[in-house]
file upload-v2.tsv (TSV, C-alpha atoms)
chain	number	residue	atom	x	y	z
W	96	MET	CA	113.48	139.14	144.96
W	97	THR	CA	117.24	138.66	145.38
W	98	PRO	CA	119.48	138.62	142.30
W	99	SER	CA	120.11	134.90	142.72
W	100	ALA	CA	116.42	134.19	143.10
W	101	PHE	CA	115.69	136.32	140.01
W	102	THR	CA	118.33	134.38	138.07
W	103	ARG	CA	116.82	131.05	139.14
W	104	ARG	CA	113.41	132.35	138.11
W	105	LEU	CA	114.69	133.27	134.63
W	106	GLN	CA	116.36	129.88	134.30
W	107	ALA	CA	113.12	128.15	135.26
W	108	ILE	CA	111.17	130.18	132.68
W	109	ALA	CA	113.78	129.43	130.03
W	110	LEU	CA	113.71	125.72	130.85
W	111	SER	CA	109.91	125.68	130.67
W	112	ALA	CA	110.06	127.38	127.27
W	113	VAL	CA	112.60	124.85	125.98
W	114	LEU	CA	110.52	121.94	127.25
W	115	ALA	CA	107.39	123.44	125.67
W	116	LEU	CA	109.14	123.88	122.33
W	117	SER	CA	110.53	120.35	122.57
W	118	ALA	CA	107.09	118.94	123.30
W	119	SER	CA	105.62	120.95	120.41
W	120	ALA	CA	108.32	119.72	118.02
W	121	HIS	CA	107.77	116.14	119.17
W	122	ALA	CA	104.03	116.53	118.64
W	123	GLN	CA	104.71	117.65	115.07
W	124	GLN	CA	106.93	114.64	114.38
W	125	VAL	CA	104.37	112.83	112.24
W	126	LEU	CA	105.33	111.17	108.97
W	127	ARG	CA	102.39	111.50	106.61
W	128	ILE	CA	102.28	108.88	103.88
W	129	THR	CA	99.98	108.15	100.97
W	130	ALA	CA	99.77	105.89	97.92
W	131	ILE	CA	98.32	106.14	94.43
W	132	PRO	CA	94.87	104.48	94.45
W	133	ASP	CA	95.75	101.75	91.95
W	134	GLU	CA	93.66	99.20	93.86
W	135	SER	CA	90.53	99.28	96.00
W	136	PRO	CA	90.63	101.44	99.17
W	137	THR	CA	90.26	98.37	101.40
W	138	GLU	CA	93.24	96.64	99.77
W	139	LEU	CA	95.40	99.77	100.05
W	140	ALA	CA	94.52	100.14	103.74
W	141	ARG	CA	95.29	96.45	104.34
W	142	LYS	CA	98.72	96.88	102.74
W	143	ALA	CA	99.45	100.08	104.69
W	144	GLY	CA	98.66	98.84	108.21
W	145	PRO	CA	101.72	96.67	108.99
W	146	LEU	CA	104.05	99.06	107.12
W	147	VAL	CA	102.86	102.03	109.20
W	148	LYS	CA	103.49	100.08	112.41
W	149	TYR	CA	106.97	99.05	111.22
W	150	LEU	CA	107.98	102.57	110.20
W	151	GLU	CA	106.80	103.99	113.52
W	152	ALA	CA	109.11	101.59	115.36
W	153	LYS	CA	112.05	102.21	113.03
W	154	LEU	CA	111.73	105.99	112.84
W	155	GLY	CA	110.63	106.64	116.42
W	156	MET	CA	107.77	108.85	115.27
W	157	LYS	CA	104.08	108.63	114.53
W	158	VAL	CA	103.20	107.57	110.99
W	159	GLU	CA	99.82	108.37	109.46
W	160	TYR	CA	98.47	106.86	106.24
W	161	THR	CA	96.11	109.14	104.33
W	162	PRO	CA	94.28	107.78	101.28
W	163	VAL	CA	93.74	110.03	98.26
W	164	THR	CA	90.85	110.09	95.81
W	165	ASP	CA	92.87	109.79	92.61
W	166	TYR	CA	96.36	109.75	91.13
W	167	ALA	CA	96.45	113.52	90.59
W	168	ALA	CA	95.70	114.11	94.28
W	169	SER	CA	98.75	112.07	95.30
W	170	VAL	CA	100.96	114.16	92.99
W	171	GLU	CA	99.60	117.43	94.39
W	172	ALA	CA	99.88	116.20	97.98
W	173	LEU	CA	103.62	115.56	97.67
W	174	ALA	CA	104.36	118.62	95.54
W	175	ASN	CA	102.62	120.83	98.11
W	176	LYS	CA	104.21	118.97	101.04
W	177	GLN	CA	100.85	117.87	102.41
W	178	VAL	CA	102.37	114.39	102.70
W	179	ASP	CA	105.98	113.42	103.38
W	180	LEU	CA	106.22	110.03	101.68
W	181	ALA	CA	104.27	108.75	98.68
W	182	TRP	CA	104.02	105.43	96.88
W	183	PHE	CA	104.09	106.39	93.22
W	184	GLY	CA	104.09	104.58	89.92
W	185	GLY	CA	106.84	105.60	87.54
W	186	PHE	CA	104.56	108.05	85.70
W	187	THR	CA	103.15	109.65	88.86
W	188	PHE	CA	106.73	110.09	90.10
W	189	VAL	CA	107.59	111.89	86.85
W	190	GLN	CA	104.45	114.04	87.19
W	191	ALA	CA	105.31	114.89	90.82
W	192	ASN	CA	108.87	115.75	89.85
W	193	VAL	CA	107.69	118.09	87.09
W	194	ARG	CA	104.94	119.58	89.29
W	195	SER	CA	107.38	120.27	92.16
W	196	GLY	CA	110.10	121.75	89.96
W	197	GLY	CA	112.43	118.77	90.33
W	198	LYS	CA	111.85	118.41	94.06
W	199	ALA	CA	110.60	114.79	94.07
W	200	VAL	CA	113.23	112.35	95.33
W	201	PRO	CA	112.67	108.59	94.85
W	202	LEU	CA	114.29	106.64	97.70
W	203	VAL	CA	113.55	102.95	97.17
W	204	GLN	CA	111.70	100.60	94.89
W	205	ARG	CA	110.88	96.94	95.01
W	206	GLU	CA	113.42	94.70	93.31
W	207	GLU	CA	110.56	93.76	90.97
W	208	ASP	CA	110.19	97.40	89.88
W	209	GLU	CA	113.56	97.32	88.11
W	210	LYS	CA	111.99	95.02	85.52
W	211	PHE	CA	108.26	95.64	85.76
W	212	ARG	CA	105.74	94.61	83.12
W	213	SER	CA	102.13	95.08	82.11
W	214	VAL	CA	99.76	92.48	80.73
W	215	PHE	CA	96.90	92.68	78.25
W	216	ILE	CA	94.01	90.37	79.13
W	217	THR	CA	90.88	89.28	77.29
W	218	SER	CA	87.89	86.96	77.43
W	219	ASP	CA	87.45	87.08	73.65
W	220	PRO	CA	88.79	83.93	71.88
W	221	SER	CA	89.41	85.91	68.68
W	222	ILE	CA	91.97	88.19	70.36
W	223	LYS	CA	95.43	86.63	70.22
W	224	THR	CA	97.75	89.59	69.45
W	225	LEU	CA	97.77	93.35	69.89
W	226	VAL	CA	96.72	93.76	66.26
W	227	ASP	CA	93.53	91.84	67.04
W	228	LEU	CA	92.46	94.73	69.29
W	229	LYS	CA	91.58	96.86	66.28
W	230	GLY	CA	87.86	97.63	66.34
W	231	LYS	CA	87.52	96.29	69.90
W	232	ASN	CA	86.74	97.85	73.29
W	233	LEU	CA	89.74	98.16	75.65
W	234	SER	CA	89.98	99.28	79.26
W	235	PHE	CA	93.06	100.92	80.74
W	236	GLY	CA	93.27	101.64	84.48
W	237	SER	CA	93.76	105.24	85.59
W	238	GLN	CA	94.87	107.75	82.98
W	239	SER	CA	97.88	108.52	85.21
W	240	SER	CA	98.83	104.87	85.70
W	241	THR	CA	102.23	103.75	84.43
W	242	SER	CA	101.47	100.04	84.17
W	243	GLY	CA	97.74	100.42	83.54
W	244	HIS	CA	97.88	103.08	80.82
W	245	LEU	CA	101.13	104.85	79.85
W	246	MET	CA	103.30	101.82	79.07
W	247	PRO	CA	100.52	99.70	77.52
W	248	ARG	CA	99.63	102.69	75.32
W	249	SER	CA	103.30	103.09	74.38
W	250	TYR	CA	103.59	99.47	73.28
W	251	LEU	CA	100.34	99.73	71.31
W	252	LEU	CA	101.74	102.76	69.50
W	253	GLU	CA	104.97	100.83	68.81
W	254	ALA	CA	102.80	98.13	67.24
W	255	LYS	CA	101.29	100.83	64.98
W	256	ILE	CA	97.98	100.76	66.84
W	257	ASP	CA	96.60	104.14	67.91
W	258	PRO	CA	94.13	103.41	70.73
W	259	ASP	CA	92.15	106.59	70.03
W	260	LYS	CA	91.78	105.84	66.32
W	261	ASP	CA	92.03	102.09	65.81
W	262	LEU	CA	89.97	100.82	68.74
W	263	LYS	CA	86.20	100.97	68.91
W	264	ARG	CA	86.25	102.45	72.42
W	265	VAL	CA	88.81	103.18	75.13
W	266	ALA	CA	87.64	103.10	78.76
W	267	TYR	CA	89.40	103.95	82.03
W	268	SER	CA	88.48	101.74	84.96
W	269	GLY	CA	90.45	103.75	87.52
W	270	ALA	CA	92.32	100.78	89.04
W	271	HIS	CA	93.94	97.49	88.05
W	272	ASP	CA	91.48	95.26	89.91
W	273	ALA	CA	88.59	97.13	88.32
W	274	THR	CA	90.06	96.41	84.87
W	275	ILE	CA	90.04	92.67	85.58
W	276	THR	CA	86.44	92.93	86.76
W	277	ALA	CA	85.40	94.82	83.62
W	278	VAL	CA	86.95	92.21	81.31
W	279	ALA	CA	85.52	89.28	83.29
W	280	ALA	CA	82.06	90.86	83.24
W	281	GLY	CA	82.20	91.39	79.47
W	282	LYS	CA	81.98	95.19	79.74
W	283	VAL	CA	85.07	95.42	77.52
W	284	GLU	CA	86.75	92.84	75.32
W	285	ALA	CA	90.24	93.49	76.65
W	286	GLY	CA	92.15	95.34	79.36
W	287	ALA	CA	95.68	96.39	80.25
W	288	LEU	CA	97.04	96.28	83.79
W	289	ASN	CA	99.88	95.79	86.26
W	290	ILE	CA	101.31	92.26	86.12
W	291	SER	CA	101.63	91.91	89.90
W	292	VAL	CA	97.92	92.63	90.48
W	293	TRP	CA	97.03	90.10	87.78
W	294	GLU	CA	99.28	87.46	89.35
W	295	LYS	CA	97.81	88.18	92.78
W	296	PHE	CA	94.27	87.73	91.44
W	297	VAL	CA	95.27	84.44	89.82
W	298	ALA	CA	97.01	83.18	92.99
W	299	ASP	CA	93.99	84.10	95.12
W	300	LYS	CA	91.63	82.50	92.60
W	301	LYS	CA	89.73	85.77	92.20
W	302	VAL	CA	89.66	85.38	88.42
W	303	ASP	CA	88.71	82.38	86.28
W	304	THR	CA	91.69	81.87	83.96
W	305	ASN	CA	89.56	79.61	81.78
W	306	GLN	CA	87.49	82.70	81.03
W	307	VAL	CA	90.06	85.54	81.21
W	308	ARG	CA	93.59	85.08	79.89
W	309	VAL	CA	96.76	87.05	79.18
W	310	PHE	CA	97.45	87.44	75.46
W	311	TYR	CA	100.35	89.91	75.58
W	312	THR	CA	103.02	90.79	78.14
W	313	THR	CA	105.05	93.96	77.63
W	314	PRO	CA	108.83	94.32	77.72
W	315	THR	CA	110.25	95.45	81.07
W	316	TYR	CA	110.52	98.99	82.42
W	317	PHE	CA	111.13	100.77	85.75
W	318	ASP	CA	107.99	101.39	87.77
W	319	TYR	CA	106.86	101.97	91.36
W	320	ASN	CA	108.85	103.73	94.10
W	321	TRP	CA	108.59	105.43	97.48
W	322	THR	CA	109.23	109.15	97.01
W	323	VAL	CA	109.82	112.10	99.36
W	324	HIS	CA	110.07	115.86	98.87
W	325	ALA	CA	113.60	117.22	98.49
W	326	ASP	CA	113.02	119.56	101.45
W	327	MET	CA	112.83	116.64	103.88
W	328	PRO	CA	115.84	116.64	106.27
W	329	ALA	CA	118.62	114.38	104.99
W	330	ALA	CA	118.75	112.43	108.25
W	331	LEU	CA	115.08	111.47	107.96
W	332	LYS	CA	115.49	110.50	104.30
W	333	ASP	CA	118.33	108.21	105.31
W	334	LYS	CA	116.32	106.64	108.16
W	335	ILE	CA	113.35	105.95	105.87
W	336	THR	CA	115.61	104.44	103.20
W	337	LYS	CA	117.37	102.27	105.78
W	338	ALA	CA	114.05	101.07	107.19
W	339	PHE	CA	112.89	99.84	103.78
W	340	LEU	CA	116.24	98.26	102.90
W	341	GLU	CA	116.26	96.36	106.21
W	342	LEU	CA	112.95	94.63	105.54
W	343	ASN	CA	113.80	90.94	105.51
W	344	LYS	CA	111.54	88.13	104.34
W	345	ASN	CA	113.16	85.81	106.91
W	346	THR	CA	111.54	87.65	109.83
W	347	PRO	CA	107.79	87.35	110.52
W	348	GLU	CA	107.31	91.13	110.33
W	349	GLY	CA	109.39	91.51	107.19
W	350	LYS	CA	107.67	88.56	105.52
W	351	GLU	CA	104.21	90.01	106.15
W	352	ILE	CA	105.10	93.49	104.90
W	353	LEU	CA	107.00	92.30	101.82
W	354	GLU	CA	104.23	89.91	100.84
W	355	LEU	CA	101.62	92.66	101.18
W	356	GLN	CA	103.81	94.98	99.11
W	357	ARG	CA	104.37	92.13	96.60
W	358	ALA	CA	108.11	92.52	96.97
W	359	THR	CA	111.03	90.18	97.48
W	360	ARG	CA	112.97	93.13	98.90
W	361	PHE	CA	113.44	96.88	98.51
W	362	VAL	CA	116.46	98.37	96.73
W	363	PRO	CA	117.73	101.96	96.33
W	364	THR	CA	116.54	103.90	93.30
W	365	LYS	CA	117.18	107.28	91.65
W	366	ALA	CA	115.39	109.79	89.46
W	367	SER	CA	117.35	108.88	86.33
W	368	ASN	CA	115.80	105.40	86.38
W	369	TYR	CA	112.52	107.02	85.30
W	370	GLN	CA	113.83	108.97	82.34
W	371	GLY	CA	112.42	106.31	80.01
W	372	ILE	CA	108.98	106.77	81.59
W	373	GLU	CA	109.19	110.54	81.06
W	374	THR	CA	110.22	110.06	77.43
W	375	ALA	CA	107.35	107.64	76.85
W	376	ALA	CA	104.88	110.03	78.49
W	377	ARG	CA	105.99	112.95	76.34
W	378	SER	CA	105.92	110.81	73.18
W	379	ALA	CA	102.37	109.66	73.98
W	380	GLY	CA	101.29	113.26	74.60
W	381	LEU	CA	100.50	112.54	78.25
W	382	LEU	CA	103.06	114.95	79.68
W	383	LYS	CA	103.37	118.49	78.40
call {"tool": "encode", "arguments": {"input": "upload-v2.tsv", "output": "structure tokens"}}
result
Amino acid sequence: MTPSAFTRRLQAIALSAVLALSASAHAQQVLRITAIPDESPTELARKAGPLVKYLEAKLGMKVEYTPVTDYAASVEALANKQVDLAWFGGFTFVQANVRSGGKAVPLVQREEDEKFRSVFITSDPSIKTLVDLKGKNLSFGSQSSTSGHLMPRSYLLEAKIDPDKDLKRVAYSGAHDATITAVAAGKVEAGALNISVWEKFVADKKVDTNQVRVFYTTPTYFDYNWTVHADMPAALKDKITKAFLELNKNTPEGKEILELQRATRFVPTKASNYQGIETAARSAGLLK
């Protein structure tokens, strides 16, 4: 083999290696996303579908939605970098941030999450205030839920009602929609949940408001956000943030996604917004 032929051969091998590495890197360009299971699996999958398609187009990479079994699994998945992007409640974000040693980075939240609220519902005519819950059965959602447990518990404690001492029984339904079902079925006399899920149930006529009613709405607090791990490349963080901020309710695609996400629009957020959630969690003994 002549020197020039040998050189060409080396160049060809090098080019093949570069192309192989490039193809391998491209194959690994998958954005793995998940969400806390605060609603039924079918509803979460329905909400994820159009968003996954949108992000794939905006980011130029494959996006895979992976459901998790419970709130704790979503925290572990992000902390261990088994997923790249997670839809957290305020409390699960705080848990993920603590679990990852401060490596959880919230990118965006819905405009509604700047002033989120929880509602207490009942089918018992005798329950009109939080004080009336004494001696009654109450259902929260998941123990790790911000709007279905942490904040409702905090406001009960502010009202001098200790759920573990003053109520007859405290139950955990696991999800907001399950709490509504439990109250409507008479399994518990009252329940606490996310206001947007309640409003969605009312709008879709999935709950009889002559039977089940809201008797207390909490003050506002910061809640849900989309979070990534701090080790994600800055360029990808920026592209994901930009994709969410560009969602526009005046386009068919944007309208569908925003309605499914129960959002008017997405806005930037930051870790310090959730300091109040962390303080409430520590005060309630839910975060060590």
call {"tool": "closest_atom_pairs", "arguments": {"input": "upload-v2.tsv", "of": "region 285-378 of chain W", "to": "region 227-242 of chain W", "cutoff": "6 Å", "atoms": "all atoms listed in the file", "output": "tab-separated table"}}
result
residue	atom	partner	partner_atom	distance
W:Ala285	CA	W:Leu233	CA	4.8
W:Gly286	CA	W:Ser234	CA	4.5
W:Ala287	CA	W:Phe235	CA	5.3
W:Leu288	CA	W:Ser242	CA	5.8
W:Asn289	CA	W:Ser242	CA	5.0
call {"tool": "atom_distance", "arguments": {"input": "upload-v2.tsv", "atom1": "CA of Glu171 (chain W)", "atom2": "CA of Lys337 (chain W)"}}
result
26.0 Å
call {"tool": "closest_residue", "arguments": {"input": "upload-v2.tsv", "among": "W:Thr217, W:Leu225, W:Thr359, W:Arg212", "to": "Lys282 (chain W)", "atoms": "only C-alpha atoms"}}
result
W:Thr217
call {"tool": "residues_around", "arguments": {"input": "upload-v2.tsv", "residues": "Leu146 (chain W)", "least_positions_apart": "5", "cutoff": "12 Å", "atoms": "all atoms listed in the file", "output": "ChimeraX atom specification"}}
result
/W:128-129,139-141,151-154,158-160,335,338-339,342,348-356
call {"tool": "closest_residue", "arguments": {"input": "upload-v2.tsv", "among": "W:Asn305, W:Ser213, W:Asn345, W:Thr313", "to": "Ser291 (chain W)", "atoms": "only C-alpha atoms"}}
result
W:Ser213
call {"tool": "residues_near_point", "arguments": {"input": "upload-v2.tsv", "point": "(108.9, 100.0, 84.1)", "cutoff": "12 Å", "atoms": "all atoms listed in the file", "output": "VMD selection string"}}
result
chain W and resid 184 to 186 188 204 to 213 240 to 247 249 289 to 290 313 to 320 368 to 373 375
call {"tool": "closest_residue", "arguments": {"input": "upload-v2.tsv", "among": "W:Leu340, W:Ala270, W:Leu381, W:Leu262", "to": "Thr364 (chain W)", "atoms": "only C-alpha atoms"}}
result
W:Leu340
call {"tool": "atom_distance", "arguments": {"input": "upload-v2.tsv", "atom1": "CA of Ala168 (chain W)", "atom2": "CA of Ser195 (chain W)"}}
result
13.4 Å
call {"tool": "closest_residue", "arguments": {"input": "upload-v2.tsv", "among": "W:Pro201, W:Thr312, W:Glu138, W:Ala130", "to": "Asp272 (chain W)", "atoms": "all atoms listed in the file"}}
result
W:Glu138
call {"tool": "atom_distance", "arguments": {"input": "upload-v2.tsv", "atom1": "CA of Ala174 (chain W)", "atom2": "CA of Val189 (chain W)"}}
result
11.5 Å
call {"tool": "decode", "arguments": {"input": "upload-v2.tsv", "residues": "region 259-278 of chain W", "atoms": "N, CA and C atoms", "output": "PDB file, in the first residue's frame"}}
result
ATOM      1  N   ASP W 259     -53.878  14.782  63.217  1.00  0.00           N
ATOM      2  CA  ASP W 259     -53.598  13.483  63.831  1.00  0.00           C
ATOM      3  C   ASP W 259     -54.187  13.333  65.229  1.00  0.00           C
ATOM      4  N   LYS W 260     -54.626  14.439  65.816  1.00  0.00           N
ATOM      5  CA  LYS W 260     -55.191  14.381  67.158  1.00  0.00           C
ATOM      6  C   LYS W 260     -56.671  14.764  67.205  1.00  0.00           C
ATOM      7  N   ASP W 261     -57.043  15.753  66.389  1.00  0.00           N
ATOM      8  CA  ASP W 261     -58.397  16.301  66.489  1.00  0.00           C
ATOM      9  C   ASP W 261     -59.406  15.654  65.536  1.00  0.00           C
ATOM     10  N   LEU W 262     -58.918  14.969  64.524  1.00  0.00           N
ATOM     11  CA  LEU W 262     -59.840  14.313  63.595  1.00  0.00           C
ATOM     12  C   LEU W 262     -60.050  12.859  64.005  1.00  0.00           C
ATOM     13  N   LYS W 263     -61.176  12.315  63.615  1.00  0.00           N
ATOM     14  CA  LYS W 263     -61.455  10.911  63.942  1.00  0.00           C
ATOM     15  C   LYS W 263     -60.506   9.992  63.193  1.00  0.00           C
ATOM     16  N   ARG W 264     -60.321  10.288  61.881  1.00  0.00           N
ATOM     17  CA  ARG W 264     -59.427   9.471  61.061  1.00  0.00           C
ATOM     18  C   ARG W 264     -58.901  10.292  59.903  1.00  0.00           C
ATOM     19  N   VAL W 265     -57.623  10.102  59.563  1.00  0.00           N
ATOM     20  CA  VAL W 265     -57.023  10.733  58.395  1.00  0.00           C
ATOM     21  C   VAL W 265     -56.694   9.640  57.386  1.00  0.00           C
ATOM     22  N   ALA W 266     -57.159   9.821  56.144  1.00  0.00           N
ATOM     23  CA  ALA W 266     -56.888   8.857  55.076  1.00  0.00           C
ATOM     24  C   ALA W 266     -56.055   9.536  53.992  1.00  0.00           C
ATOM     25  N   TYR W 267     -55.422   8.718  53.169  1.00  0.00           N
ATOM     26  CA  TYR W 267     -54.648   9.233  52.024  1.00  0.00           C
ATOM     27  C   TYR W 267     -55.125   8.512  50.771  1.00  0.00           C
ATOM     28  N   SER W 268     -55.786   9.249  49.894  1.00  0.00           N
ATOM     29  CA  SER W 268     -56.366   8.634  48.701  1.00  0.00           C
ATOM     30  C   SER W 268     -55.324   8.337  47.631  1.00  0.00           C
ATOM     31  N   GLY W 269     -54.223   9.080  47.635  1.00  0.00           N
ATOM     32  CA  GLY W 269     -53.176   8.882  46.633  1.00  0.00           C
ATOM     33  C   GLY W 269     -53.217   9.868  45.497  1.00  0.00           C
ATOM     34  N   ALA W 270     -54.401  10.442  45.204  1.00  0.00           N
ATOM     35  CA  ALA W 270     -54.525  11.386  44.080  1.00  0.00           C
ATOM     36  C   ALA W 270     -55.740  12.277  44.290  1.00  0.00           C
ATOM     37  N   HIS W 271     -55.725  13.437  43.649  1.00  0.00           N
ATOM     38  CA  HIS W 271     -56.796  14.425  43.839  1.00  0.00           C
ATOM     39  C   HIS W 271     -58.156  13.901  43.384  1.00  0.00           C
ATOM     40  N   ASP W 272     -58.189  13.254  42.203  1.00  0.00           N
ATOM     41  CA  ASP W 272     -59.471  12.754  41.714  1.00  0.00           C
ATOM     42  C   ASP W 272     -60.024  11.665  42.632  1.00  0.00           C
ATOM     43  N   ALA W 273     -59.123  10.877  43.213  1.00  0.00           N
ATOM     44  CA  ALA W 273     -59.558   9.831  44.137  1.00  0.00           C
ATOM     45  C   ALA W 273     -60.152  10.428  45.415  1.00  0.00           C
ATOM     46  N   THR W 274     -59.652  11.597  45.820  1.00  0.00           N
ATOM     47  CA  THR W 274     -60.207  12.273  47.004  1.00  0.00           C
ATOM     48  C   THR W 274     -61.648  12.687  46.748  1.00  0.00           C
ATOM     49  N   ILE W 275     -61.897  13.253  45.567  1.00  0.00           N
ATOM     50  CA  ILE W 275     -63.273  13.647  45.218  1.00  0.00           C
ATOM     51  C   ILE W 275     -64.186  12.428  45.250  1.00  0.00           C
ATOM     52  N   THR W 276     -63.714  11.335  44.667  1.00  0.00           N
ATOM     53  CA  THR W 276     -64.503  10.105  44.622  1.00  0.00           C
ATOM     54  C   THR W 276     -64.814   9.590  46.023  1.00  0.00           C
ATOM     55  N   ALA W 277     -63.826   9.659  46.912  1.00  0.00           N
ATOM     56  CA  ALA W 277     -64.019   9.176  48.284  1.00  0.00           C
ATOM     57  C   ALA W 277     -65.057   9.994  49.032  1.00  0.00           C
ATOM     58  N   VAL W 278     -65.027  11.318  48.839  1.00  0.00           N
ATOM     59  CA  VAL W 278     -66.012  12.192  49.499  1.00  0.00           C
ATOM     60  C   VAL W 278     -67.404  11.950  48.913  1.00  0.00           C
TER      61      VAL W 278
END
